[in-house]
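To keep things clear, I will list the structure first and then write my remarks on it.
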Amino acid sequence: MLYRKMPKNGDELSILGFGCMRLPVTKAGQIDEPRAIRQIRSAIDRGVNYLDTAWPYHAGESETVLGRALADGYRDRVRVATKLPSWMIHSREDMDTFLNAQLEKLQTDRIDYYLLHALAGAPWDRLNTLGVADFLDRAKADGRIVNAGFSFHGRLDDFKRIVDGYPWEFCQIQYNYLDEENQAGRQGLQYAAARDLGVVIMEPLRGGNLGLPAPPPDVDAVWKQAPVTRTPVEWALRWVWNHPEVTVVLSGMNEEAHIEENMAIAARALPNSLTEDEIKRVDEASRKYKTLMKVGCTGCGYCMPCPSDVSIPSCFEVYNKMHMFGNAEEAKFMYAIRMSGIIGQTPGYASQCVQCGECLEKCPQEIEIPDFLEKVADELEDADLENRVRMGKKMLNMD
């Protein structure tokens with residue numbers, strides 16, 4: 001495992017951080033706690049020392065499970081990061097209420113890296129009005145918070161003024177080779193680093209899309225022409241770690257094989273280690289992906305739950321893969337199985353959308369979700385939908 005220093009405090013942090021937003025789950029949709037704890041502890045035993053969670057992850061259970069995973073001496077070997085749910089804060093008192101509850105759930109007396117969650121311009125202004133600077137100052141003074149930061153999903157100009165709006169130790173941004181110019185982007189990364197902020201990266205694989213074992217043919221051709229052989233995951237992660245401004249890259253690792261691959265990559269991902277030709281290869285892959293993907297969804301799930309039960313991230317996942325791989329019939333069949341509710345869930349078809357707009361306020365990517373859901377319904381819900389549902393039931397022995 002390689003390590004990089006947090007500029008303001010000198011902490012030596014593993015360049016690979018364990019993200020706890022997508023822990024392994026059971027068939028019932030609950031966290032598979034024994035498996036999750038084994039994965040977390042195994043990663044720590046092998047050098048990972050930065051673990052990231054948040055209040056809403058896994059319907060509030062992620063912090064609790066992480067707290068249990070860090071028993072038996074593991075807590076003192078790591079730095080724990082969690083987040084104040086900014087959108088749930090209505091008063092100065094709420095801030096302390098949430099922080100104290102998080103300390104209890106995590107079974108700890110301190111949060112090493114505490115973030116204001118999902119900031120953009122308007123949420124930052126609202127929290128300022130409610131006294132968030134006083135909250136952070138006092139929580140740091142009494143030891144409940146060690147380092148203060150924020151995660152960001154907004155525009156570059158707002159990012160810069162938030163960086164300058166408080167003496168932060170670090171920030172967290174979405175960054176990958178498709179999002180070099182989106183949200184904070186490369187300019188934001190450099191702006192924060194120039195002010196000695198550590199930078200933690202989320203969504204390095206764009207919700208897993210950049211790490212598909214069998215990438216779209218056009219992208220696969222780019223990788224095959226490279227003078228070195230790497231998996232799509234390694235290309236994506238090495239590109240992010242190539243930036244010396246990056247401190248930690250978070251990965252939502254929930255499969256043992258994913259953990260193994262990421263750990264191996266993290267053992268050799270030095271800054272400025274990609275050649276000029278390799279960087280050009282990644283740029284070419286980025287251009288190919290941008291022509292294929294129709295919706296910039298990362299699968300974060302912040303848009304959920306939908307009042308009309310639309311399974312928004314799943315709809316976009318199937319829709320994007322159909323256009324990336326050109327497999328319309330297969331995509332329509334998978335859509336019918338996944339959205340019909342035959343595998344234990346309520347129906348989540350795109351056509352259930354009533355254009356209420358509630359999801360628009362939640363989406364950190366600022367996707368025009370209702371408009372895209374209409375396109376999903378037009379392309380994936382044709383006259384043969386019910387036949388595909390019946391076929392799916394027979395295949396799954398659910399008739």
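If you're wondering about the labels, chains in the structure tokens are A, B, ... by order shown, residues count from 1 in each chain, ligands from 1 in order shown.
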I want to know what sits within 7 Å of A:Leu156, based on only C-alpha atoms, with residues of the same chain fewer than 6 positions away left out; could you give that as a ChimeraX atom specification? /A:183-184,188
Writing out the chosen residues with N, CA and C atoms as a tab-separated table (two decimals), in the first residue's frame:
chain	number	residue	atom	x	y	z
A	183	GLN	N	-18.37	19.58	-12.43
A	183	GLN	CA	-18.37	19.94	-11.01
A	183	GLN	C	-17.06	20.68	-10.67
A	184	ALA	N	-16.35	20.26	-9.63
A	184	ALA	CA	-15.10	20.95	-9.29
A	184	ALA	C	-14.05	20.73	-10.38
A	188	GLY	N	-10.79	22.69	-9.90
A	188	GLY	CA	-11.10	22.64	-8.48
A	188	GLY	C	-10.06	21.85	-7.71
Surrounding residues of A:Ala269 excluding itself and chain neighbours under 2 positions, 9 Å, only C-alpha atoms, as a ChimeraX atom specification: /A:2,15,237-239,241-242,265-267,271-273
Mind writing the picked residues with N, CA and C atoms as a short mmCIF file (atom, residue, chain, number, x, y, z; two decimals), in the first residue's frame?
data_model
loop_
_atom_site.label_atom_id
_atom_site.label_comp_id
_atom_site.auth_asym_id
_atom_site.auth_seq_id
_atom_site.Cartn_x
_atom_site.Cartn_y
_atom_site.Cartn_z
N LEU A 2 0.54 2.18 -0.85
CA LEU A 2 1.23 3.47 -0.86
C LEU A 2 0.44 4.46 -0.01
N ILE A 15 -3.51 5.58 0.01
CA ILE A 15 -4.06 6.22 -1.19
C ILE A 15 -5.39 5.58 -1.59
N LEU A 237 -8.23 4.02 -12.25
CA LEU A 237 -7.64 4.39 -10.96
C LEU A 237 -6.26 4.99 -11.12
N ARG A 238 -5.44 4.42 -11.99
CA ARG A 238 -4.11 4.96 -12.20
C ARG A 238 -4.17 6.39 -12.72
N TRP A 239 -5.18 6.69 -13.57
CA TRP A 239 -5.33 8.05 -14.09
C TRP A 239 -5.59 9.03 -12.94
N TRP A 241 -4.88 8.57 -9.63
CA TRP A 241 -3.72 8.60 -8.75
C TRP A 241 -2.51 9.26 -9.41
N ASN A 242 -2.53 9.39 -10.72
CA ASN A 242 -1.43 10.06 -11.40
C ASN A 242 -1.32 11.53 -11.01
N ILE A 265 -3.46 -2.56 -7.37
CA ILE A 265 -3.22 -1.33 -8.12
C ILE A 265 -2.64 -0.26 -7.20
N ALA A 266 -3.19 -0.17 -5.98
CA ALA A 266 -2.75 0.86 -5.02
C ALA A 266 -1.31 0.65 -4.57
N ALA A 267 -0.75 -0.51 -4.83
CA ALA A 267 0.63 -0.78 -4.42
C ALA A 267 1.64 -0.19 -5.40
N PRO A 271 2.32 9.05 -8.14
CA PRO A 271 1.94 10.25 -8.90
C PRO A 271 2.89 10.47 -10.07
N ASN A 272 2.35 11.02 -11.14
CA ASN A 272 3.14 11.33 -12.35
C ASN A 272 3.84 10.11 -12.92
N SER A 273 3.21 8.94 -12.78
CA SER A 273 3.84 7.71 -13.26
C SER A 273 3.33 7.25 -14.61
#
Given only C-alpha atoms as the basis, pick out the residue of A:Cys303, A:Val25, A:Val65, A:Leu99 nearest to A:Ile37.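 Checking each candidate against A:Ile37, we get A:Val65 as the closest.
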Counting only C-alpha atoms, figure out which residue out of A:Asp96, A:Glu61, A:Glu386, A:Asp378 gets nearest to A:Asp142. A:Asp96
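If you look at atom CA of A:Ser62 and atom CA of A:Asp125, they are 28.1 Å away from each other.
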Skipping near chain neighbours, those fewer than 3 positions away, what residues fall within 6 Å of stretch 318-327 of chain A using only C-alpha atoms, listed as a PyMOL selection string? chain A and resi 216+292-294+315+330-331
Skipping near chain neighbours, those fewer than 6 positions away, what residues fall within 9 Å of A:Gln355 using only C-alpha atoms, listed as JSON, numbers by chain? {"A": [369, 370, 371]}
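Once A:Pro204 and its same-chain neighbours fewer than 2 positions away are set aside, Gln174, Tyr175, Asn176, Tyr177, Ile201, Met202, Arg206, Gly207, Gly208, Leu210, Ala236, Leu237, Val240, Val249, Leu250 and Ser251 of chain A remain within 9 Å of it when counting only C-alpha atoms.
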How about saving the chosen residues, C-alpha atoms kept, as a PDB file, in the first residue's frame?
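Result saved to again-v9.pdb:
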ATOM      1  CA  GLN A 174     -16.058  13.598  -7.752  1.00  0.00           C
ATOM      2  CA  TYR A 175     -13.205  13.098 -10.201  1.00  0.00           C
ATOM      3  CA  ASN A 176     -12.515  10.598 -12.958  1.00  0.00           C
ATOM      4  CA  TYR A 177     -11.517  10.763 -16.599  1.00  0.00           C
ATOM      5  CA  ILE A 201     -11.732  11.532  -4.572  1.00  0.00           C
ATOM      6  CA  MET A 202     -15.136   9.868  -4.887  1.00  0.00           C
ATOM      7  CA  ARG A 206     -18.178   6.736 -12.360  1.00  0.00           C
ATOM      8  CA  GLY A 207     -20.500   4.388 -10.476  1.00  0.00           C
ATOM      9  CA  GLY A 208     -18.643   1.341 -11.796  1.00  0.00           C
ATOM     10  CA  LEU A 210     -15.443   2.789 -16.076  1.00  0.00           C
ATOM     11  CA  ALA A 236      -9.246   4.513 -14.406  1.00  0.00           C
ATOM     12  CA  LEU A 237      -7.644   4.388 -10.959  1.00  0.00           C
ATOM     13  CA  VAL A 240      -6.725   9.552 -10.870  1.00  0.00           C
ATOM     14  CA  VAL A 249      -9.203   7.704  -3.706  1.00  0.00           C
ATOM     15  CA  LEU A 250     -12.366   6.100  -2.332  1.00  0.00           C
ATOM     16  CA  SER A 251     -13.623   2.815  -3.703  1.00  0.00           C
TER      17      SER A 251
END
Counting only C-alpha atoms, which residue out of A:Arg75, A:Lys27, A:Arg110, A:Lys288 sits closest to A:Val219?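 Ranking A:Arg75, A:Lys27, A:Arg110, A:Lys288 by distance to A:Val219, first place goes to A:Lys288.
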Give me, as number ranges by chain, all polymer residues having an atom no more than 9 Å from A:Ala43, counting only C-alpha atoms and skipping those fewer than 6 positions away in the same chain. A: 18, 49, 259, 263
How would the residues just chosen look if you wrote them out with C-alpha atoms as a short mmCIF file (atom, residue, chain, number, x, y, z; two decimals), in the first residue's frame?
data_model
loop_
_atom_site.label_atom_id
_atom_site.label_comp_id
_atom_site.auth_asym_id
_atom_site.auth_seq_id
_atom_site.Cartn_x
_atom_site.Cartn_y
_atom_site.Cartn_z
CA PHE A 18 -12.63 2.09 1.84
CA ASN A 49 -6.35 3.33 7.02
CA ILE A 259 -10.73 -5.47 -3.08
CA MET A 263 -5.19 -3.26 -3.40
#
Counting only C-alpha atoms, the option among A:Gln102, A:Leu385, A:Ser308, A:Glu379 closest to A:Gly357: A:Ser308
Write out as a PyMOL selection string the set of residues from stretch 225-349 of chain A that DSSP, computed on the backbone, places in alpha helix (DSSP H). chain A and resi 232-241+256-266+276-292+312-325+328-339
Please indicate the distance in Å from atom CA of A:Arg144 to atom CA of A:Pro24, rounded to one decimal place.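 We find that atom CA of A:Arg144 and atom CA of A:Pro24 lie 29.1 Å from each other.
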Atom pair atom CA of A:Asp137 / atom CA of A:Met95: separation (Å): 12.1 Å
A:Tyr50: which residues within 7 Å, counting only C-alpha atoms, same-chain residues fewer than 5 positions away excluded, as a PyMOL selection string? chain A and resi 13-14+17-18+78-80
For the structure I just gave you, how does DSSP split stretch 201-291 of chain A - specifically, which residues are strand (DSSP E or B)? Reply as a ChimeraX atom specification. /A:201-202,248-251
Write a file of the just-selected residues containing C-alpha atoms, as an mmCIF file, in the first residue's frame.
data_model
loop_
_atom_site.group_PDB
_atom_site.id
_atom_site.type_symbol
_atom_site.label_atom_id
_atom_site.label_comp_id
_atom_site.auth_asym_id
_atom_site.auth_seq_id
_atom_site.Cartn_x
_atom_site.Cartn_y
_atom_site.Cartn_z
ATOM 1 C CA ILE A 201 -11.732 11.532 -4.572
ATOM 2 C CA MET A 202 -15.136 9.868 -4.887
ATOM 3 C CA VAL A 248 -7.004 9.492 -1.163
ATOM 4 C CA VAL A 249 -9.203 7.704 -3.706
ATOM 5 C CA LEU A 250 -12.366 6.100 -2.332
ATOM 6 C CA SER A 251 -13.623 2.815 -3.703
#
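Proximity ranking of A:Glu358, A:Arg287, A:Ala139, A:Asn254 relative to A:Asp32 places A:Asn254 first, based on only C-alpha atoms.
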